[in-house]
Structure formats: structure tokens, C-alpha cells
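K.L.:
One structure coming up, written as C-alpha cells, with questions to follow.
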Amino acid sequence: MANYPRRVSEKSKRRRSPTFERGLVAEFTSVAAGAFIVLFGITLVTQLVRLLGQAAGGGIASEAVFAFLGFRSINVFPVLLSMSLFIAVLLVLSRSYRDSEMVVWFSAGLSLSAWVRPVLMFALPLTAAIAALTLLLSPWADGRVSDYQRELEARDDAAQITPGVFHESRHADRVFFVEAIDGDQRRVANIFVQSLQQQQLGIMVARQGYQEMDENGDRFIVLEKGSRYEGEPGSAEFRLTEFDRYRMRVEQRTADERVRPPTSLPTPELLGDPNTLNLAELQWRIGLPVSALVLALMGIPLSFVNPRGGRSVNLIIAVLVYATYSNVLSMMRLSIALGKVSALTGFLTVHGAMIGLLVLLFLRRRLVRAVVSLWR
């Protein structure tokens, strides 16, 4: 009978543990979702402003802005998920220290390592999602960006004209400017064309124009009700010709065959051709989910906050740890690509060092608790 209360207490603790872990995972998820939405919003706005600037300058077609925005958003998902995972663990456990929940936890005889299980329950599904993104979806999105860019570059000069922007032809012998384009992208208004042929500078202006295609497939820009000024550069003499209709042939382009960058290659192709560039990209794709899991566990000891002391020191240290880990991964990727370090050595060195640091942080927190207990 003496042991009966103890058995009831242990059963009660076992019943409460899953409930506590589910509540903790729910809190992790809520904080991570909020962090991801904020980070994704900032990234989306930044990318959109950059792409709109390129479209305004004629660097990309205006209709390609949202396509590029979607594909590039997929590419940043793994990094944003990794950051959200780390932030969620860090903020939730820091709140537990500030609200003295950790004091109750430790007073019950449970150690800091007991938090590993609920953190893993939250982190492993996100880590699997990051791995799927880096190994499968991100290379596909990057490949689509490369293919789309190649298709845009293969378009003829007339198709690349942007209203209000001076556009230079492929061989730099013509400069186009149109003030407005109608809805069907066929008729344009207030056209300016400058051309240089056989040392003769020609400038044409017309009120309107449109595109026309012959039976043999040749494309022309037809200018209506305009004037042509022709003469030698630097000379005051020129010839003026007025016309009702002027046809100008448009150069046809073909897509250049390019070597696809490793970032756009599927993972099986990287494995099939293990050169230094492909191995560097493969190390990055595998290393990103590994680093996300390591950082999630590292958030446990880094979340320590002294309620009587400053509350921002641990956050500063956590930011430095994350920035260092991320930068070292990028530098190791470059070193592997240059052939200075083997892929296996680089992978084990970076992640092995961070796992060692993780173990030391847990041991340090345990040692501090032991010293405090003896002092008391």
C-alpha cells in the first residue's frame, strides 16, 4: 500500500506528458507560422520591387514579373522555413524562462534534455519538408526560371519593346522607343527608331505602327504617317523623307544553348555527374535540412534567460550562431566548388563542429545547474 500513491503519480505523469507535448508543439507551430508569414512577406515585397525595377528598365518582360516572383519564392522557402523553425524554438523556450515555467520544470526533477523530444516532434516534419524542397522542388523552380529567361531572350526585338523605355536591338544597330501599346500588343503609338547603317544615321518618327508577318515567316514593323531623317553623324546636312507607310524587317532570334547551372539540375543528375560544382550544390541541398534540425535543437540551450538579468543577450548570441552557421555553409559550398575541399570533408567539418557545439551547450547548462544546486 505504501507504493500505491507513487504508482498513481507516475501514471498521472505519463498521461500528462503527451498532453503537454502536444500543447508545446502547437505553440511552436503558432510562433513558426507567424515568423514565416512575416519573413515571407518581407522577401516577397523585396523580390517584387527588384523585379518591377528590372521590368521598368527593360531587363525582363512585364508579363514575366509574376512568373519569376513565384519561382523565386519557391527557392527561398527552405531558408525561410529553417529560420522560422529556429525562431519558434528560441522564442517559446525563452518565454518559458521569463515566466518561470522552467523553474517548475527543473523542480520536478526533469532536465533540459527532456525538451529534446517535443522539439523533435515539431522539427522533424518541417525538416522533411525542407529536404523535399531543396532536393526536389527548388531545382525544378530554378530550372523553370532559366528556361523562361532563355525563352524571353529568344524573342525578337519587337516583342521586347516596353512602353516608355528605350530598347537597343541585339546587334546594337537600332534603338526603339514607343510611347504606348494597345491591349492586343499589336498597334503602338508615337514611335521613335534610330538606326545606323553604312555610316548613315537614320532617325524615324511615326504616329502609329503595327506588326506584320509575310507568308515566308518574316516579321516586319510597319510605321504609318511618319518622317525619316538621314545623314552622317556630326554633319549638319541631312535628308528628310516623309512617308505614309514604311516597313522595317525585324531580326529573328534563336534561343542560345546554355549549360544549365547546378542549381537547376535535378538531384539524380548531380549524383550522376559528381564534378566539383555538382558536389558543392549537392552538399548545400543536403546540408540545409541538416542545419535546420541542428539549429532547432541548439535553440534549447540558447533560449536560457535570466529573469533578473537582461533578456536580449541570448537572442544576440542566437543570431550570431545562426549567421555564423549560414555563412560557413556558404563558404564551404564555394570551397568545394573551387576544389579546395572535398565534399565529404566539408560536410562533416561544418555540421560536425556545430553538433559538437550543441553537445557543449547542453553540458554547460547541466554543469551550471549542478553548481547552482550545490551552492543552495
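Simple scheme: letters A, B, ... for chains in C-alpha cells order, numbers from 1 for residues in each chain, numbers from 1 for ligands in the order shown.
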Env of segment 220-222 of chain A: 6 Å cut, atoms = only C-alpha atoms, seq-sep filter 4 positions within chain, self excluded. Answer as a list in words.
P.N.:
Gly209, Tyr210, Gln211, Glu212, Tyr246, Arg247, Met248, Arg249 and Val250 of chain A
K.L.:
For those residues, write N, CA and C atoms to a file as a JSON list (two decimals), in the first residue's frame.
P.N.:
[["chain", "number", "residue", "atom", "x", "y", "z"],
["A", 209, "GLY", "N", 1.96, 52.50, -85.53],
["A", 209, "GLY", "CA", 2.54, 51.38, -86.25],
["A", 209, "GLY", "C", 1.95, 50.07, -85.76],
["A", 210, "TYR", "N", 2.36, 48.98, -86.44],
["A", 210, "TYR", "CA", 1.88, 47.66, -86.06],
["A", 210, "TYR", "C", 2.84, 46.61, -86.61],
["A", 211, "GLN", "N", 2.66, 45.36, -86.16],
["A", 211, "GLN", "CA", 3.49, 44.26, -86.62],
["A", 211, "GLN", "C", 2.79, 43.52, -87.74],
["A", 212, "GLU", "N", 3.60, 43.01, -88.68],
["A", 212, "GLU", "CA", 3.06, 42.30, -89.84],
["A", 212, "GLU", "C", 3.97, 41.13, -90.16],
["A", 246, "TYR", "N", 5.88, 52.64, -93.92],
["A", 246, "TYR", "CA", 7.28, 52.22, -94.01],
["A", 246, "TYR", "C", 7.40, 50.86, -93.32],
["A", 247, "ARG", "N", 7.95, 49.88, -94.04],
["A", 247, "ARG", "CA", 8.13, 48.53, -93.49],
["A", 247, "ARG", "C", 9.59, 48.33, -93.10],
["A", 248, "MET", "N", 9.79, 47.81, -91.90],
["A", 248, "MET", "CA", 11.14, 47.57, -91.39],
["A", 248, "MET", "C", 11.21, 46.13, -90.88],
["A", 249, "ARG", "N", 12.12, 45.34, -91.43],
["A", 249, "ARG", "CA", 12.23, 43.93, -91.09],
["A", 249, "ARG", "C", 12.79, 43.76, -89.67],
["A", 250, "VAL", "N", 12.21, 42.81, -88.95],
["A", 250, "VAL", "CA", 12.63, 42.52, -87.58],
["A", 250, "VAL", "C", 13.49, 41.27, -87.58]]
K.L.:
Find the residues near Leu81 of chain A: any atom within 9 Å, counting only C-alpha atoms, skip ones fewer than 4 places away on the same chain, and give them as a ChimeraX atom specification.
P.N.:
/A:32,36,76-77,85-86,126-127,129-130,292
K.L.:
Go ahead and save the residues from that selection, with N, CA and C atoms, as a PDB file, in the first residue's frame.
P.N.:
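The file below, again-v2.pdb, is the result:
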ATOM      1  N   ALA A  32       6.034  29.639 -35.243  1.00  0.00           N
ATOM      2  CA  ALA A  32       6.720  29.432 -36.516  1.00  0.00           C
ATOM      3  C   ALA A  32       5.905  29.962 -37.684  1.00  0.00           C
ATOM      4  N   PHE A  36       7.158  32.815 -40.170  1.00  0.00           N
ATOM      5  CA  PHE A  36       7.272  32.536 -41.605  1.00  0.00           C
ATOM      6  C   PHE A  36       6.487  33.558 -42.425  1.00  0.00           C
ATOM      7  N   VAL A  76      13.299  30.354 -52.014  1.00  0.00           N
ATOM      8  CA  VAL A  76      13.643  30.859 -50.686  1.00  0.00           C
ATOM      9  C   VAL A  76      12.870  30.155 -49.579  1.00  0.00           C
ATOM     10  N   PHE A  77      11.913  29.301 -49.932  1.00  0.00           N
ATOM     11  CA  PHE A  77      11.138  28.586 -48.914  1.00  0.00           C
ATOM     12  C   PHE A  77      12.019  27.803 -47.934  1.00  0.00           C
ATOM     13  N   LEU A  85      11.794  27.849 -38.000  1.00  0.00           N
ATOM     14  CA  LEU A  85      11.957  26.752 -37.046  1.00  0.00           C
ATOM     15  C   LEU A  85      12.839  27.170 -35.878  1.00  0.00           C
ATOM     16  N   PHE A  86      13.950  27.774 -36.170  1.00  0.00           N
ATOM     17  CA  PHE A  86      14.883  28.216 -35.131  1.00  0.00           C
ATOM     18  C   PHE A  86      14.249  29.305 -34.262  1.00  0.00           C
ATOM     19  N   LEU A 126       9.014  19.533 -40.290  1.00  0.00           N
ATOM     20  CA  LEU A 126       9.498  20.694 -41.039  1.00  0.00           C
ATOM     21  C   LEU A 126      10.826  20.403 -41.721  1.00  0.00           C
ATOM     22  N   THR A 127      11.685  19.641 -41.050  1.00  0.00           N
ATOM     23  CA  THR A 127      12.955  19.263 -41.672  1.00  0.00           C
ATOM     24  C   THR A 127      12.725  18.409 -42.909  1.00  0.00           C
ATOM     25  N   ALA A 129      10.103  18.580 -44.811  1.00  0.00           N
ATOM     26  CA  ALA A 129       9.603  19.498 -45.840  1.00  0.00           C
ATOM     27  C   ALA A 129      10.747  20.292 -46.469  1.00  0.00           C
ATOM     28  N   ILE A 130      11.698  20.729 -45.642  1.00  0.00           N
ATOM     29  CA  ILE A 130      12.857  21.464 -46.166  1.00  0.00           C
ATOM     30  C   ILE A 130      13.677  20.571 -47.084  1.00  0.00           C
ATOM     31  N   ALA A 292      18.971  22.885 -40.339  1.00  0.00           N
ATOM     32  CA  ALA A 292      17.700  23.274 -39.721  1.00  0.00           C
ATOM     33  C   ALA A 292      17.429  22.449 -38.472  1.00  0.00           C
TER      34      ALA A 292
END
K.L.:
For atom CA of Phe347 of chain A and atom CA of Ala280 of chain A, quote the distance in Å rounded to one decimal.
P.N.:
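Between atom CA of Phe347 of chain A and atom CA of Ala280 of chain A the gap works out to 9.6 Å.
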K.L.:
Using only C-alpha atoms, which of the listed residues (A:Ala189, A:Met213, A:Val89, A:Leu270) sits closest to Leu302 of chain A?
P.N.:
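Smallest distance to Leu302 of chain A is found for A:Val89.
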K.L.:
Would you work out the distance separating atom CA of Ala353 of chain A from atom CA of Leu293 of chain A, expressed in Å to one decimal?
P.N.:
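Separation between atom CA of Ala353 of chain A and atom CA of Leu293 of chain A: 14.2 Å.
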K.L.:
For a quick check of understanding, using only C-alpha atoms, which of A:Leu348, A:Ala56, A:Ala114, A:Ile300 has the smallest distance to Leu329 of chain A?
P.N.:
A:Leu348
K.L.:
Could you name the residues that touch Leu51 of chain A at 9 Å or less, counting only C-alpha atoms, but leaving out those on the same chain fewer than 4 positions away, as a list of chain:residue names?
P.N.:
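Counting only the stated atoms, we get A:Thr46, A:Gln47, A:Ala55, A:Ala56, A:Gly59, A:Ile60, A:Ser62, A:Val65, A:Phe66, A:Phe68, A:Leu69.
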K.L.:
Would you put the residues from that selection into a file with C-alpha atoms, as an mmCIF file, in the first residue's frame?
P.N.:
data_model
loop_
_atom_site.group_PDB
_atom_site.id
_atom_site.type_symbol
_atom_site.label_atom_id
_atom_site.label_comp_id
_atom_site.auth_asym_id
_atom_site.auth_seq_id
_atom_site.Cartn_x
_atom_site.Cartn_y
_atom_site.Cartn_z
ATOM 1 C CA THR A 46 11.748 42.847 -51.779
ATOM 2 C CA GLN A 47 11.702 40.484 -54.767
ATOM 3 C CA ALA A 55 10.880 45.320 -65.920
ATOM 4 C CA ALA A 56 10.799 49.128 -65.911
ATOM 5 C CA GLY A 59 15.657 43.902 -68.342
ATOM 6 C CA ILE A 60 12.729 41.487 -68.287
ATOM 7 C CA SER A 62 6.491 42.909 -67.781
ATOM 8 C CA VAL A 65 7.335 39.524 -63.371
ATOM 9 C CA PHE A 66 4.831 37.357 -61.526
ATOM 10 C CA PHE A 68 9.681 34.961 -61.829
ATOM 11 C CA LEU A 69 8.266 36.042 -58.462
#
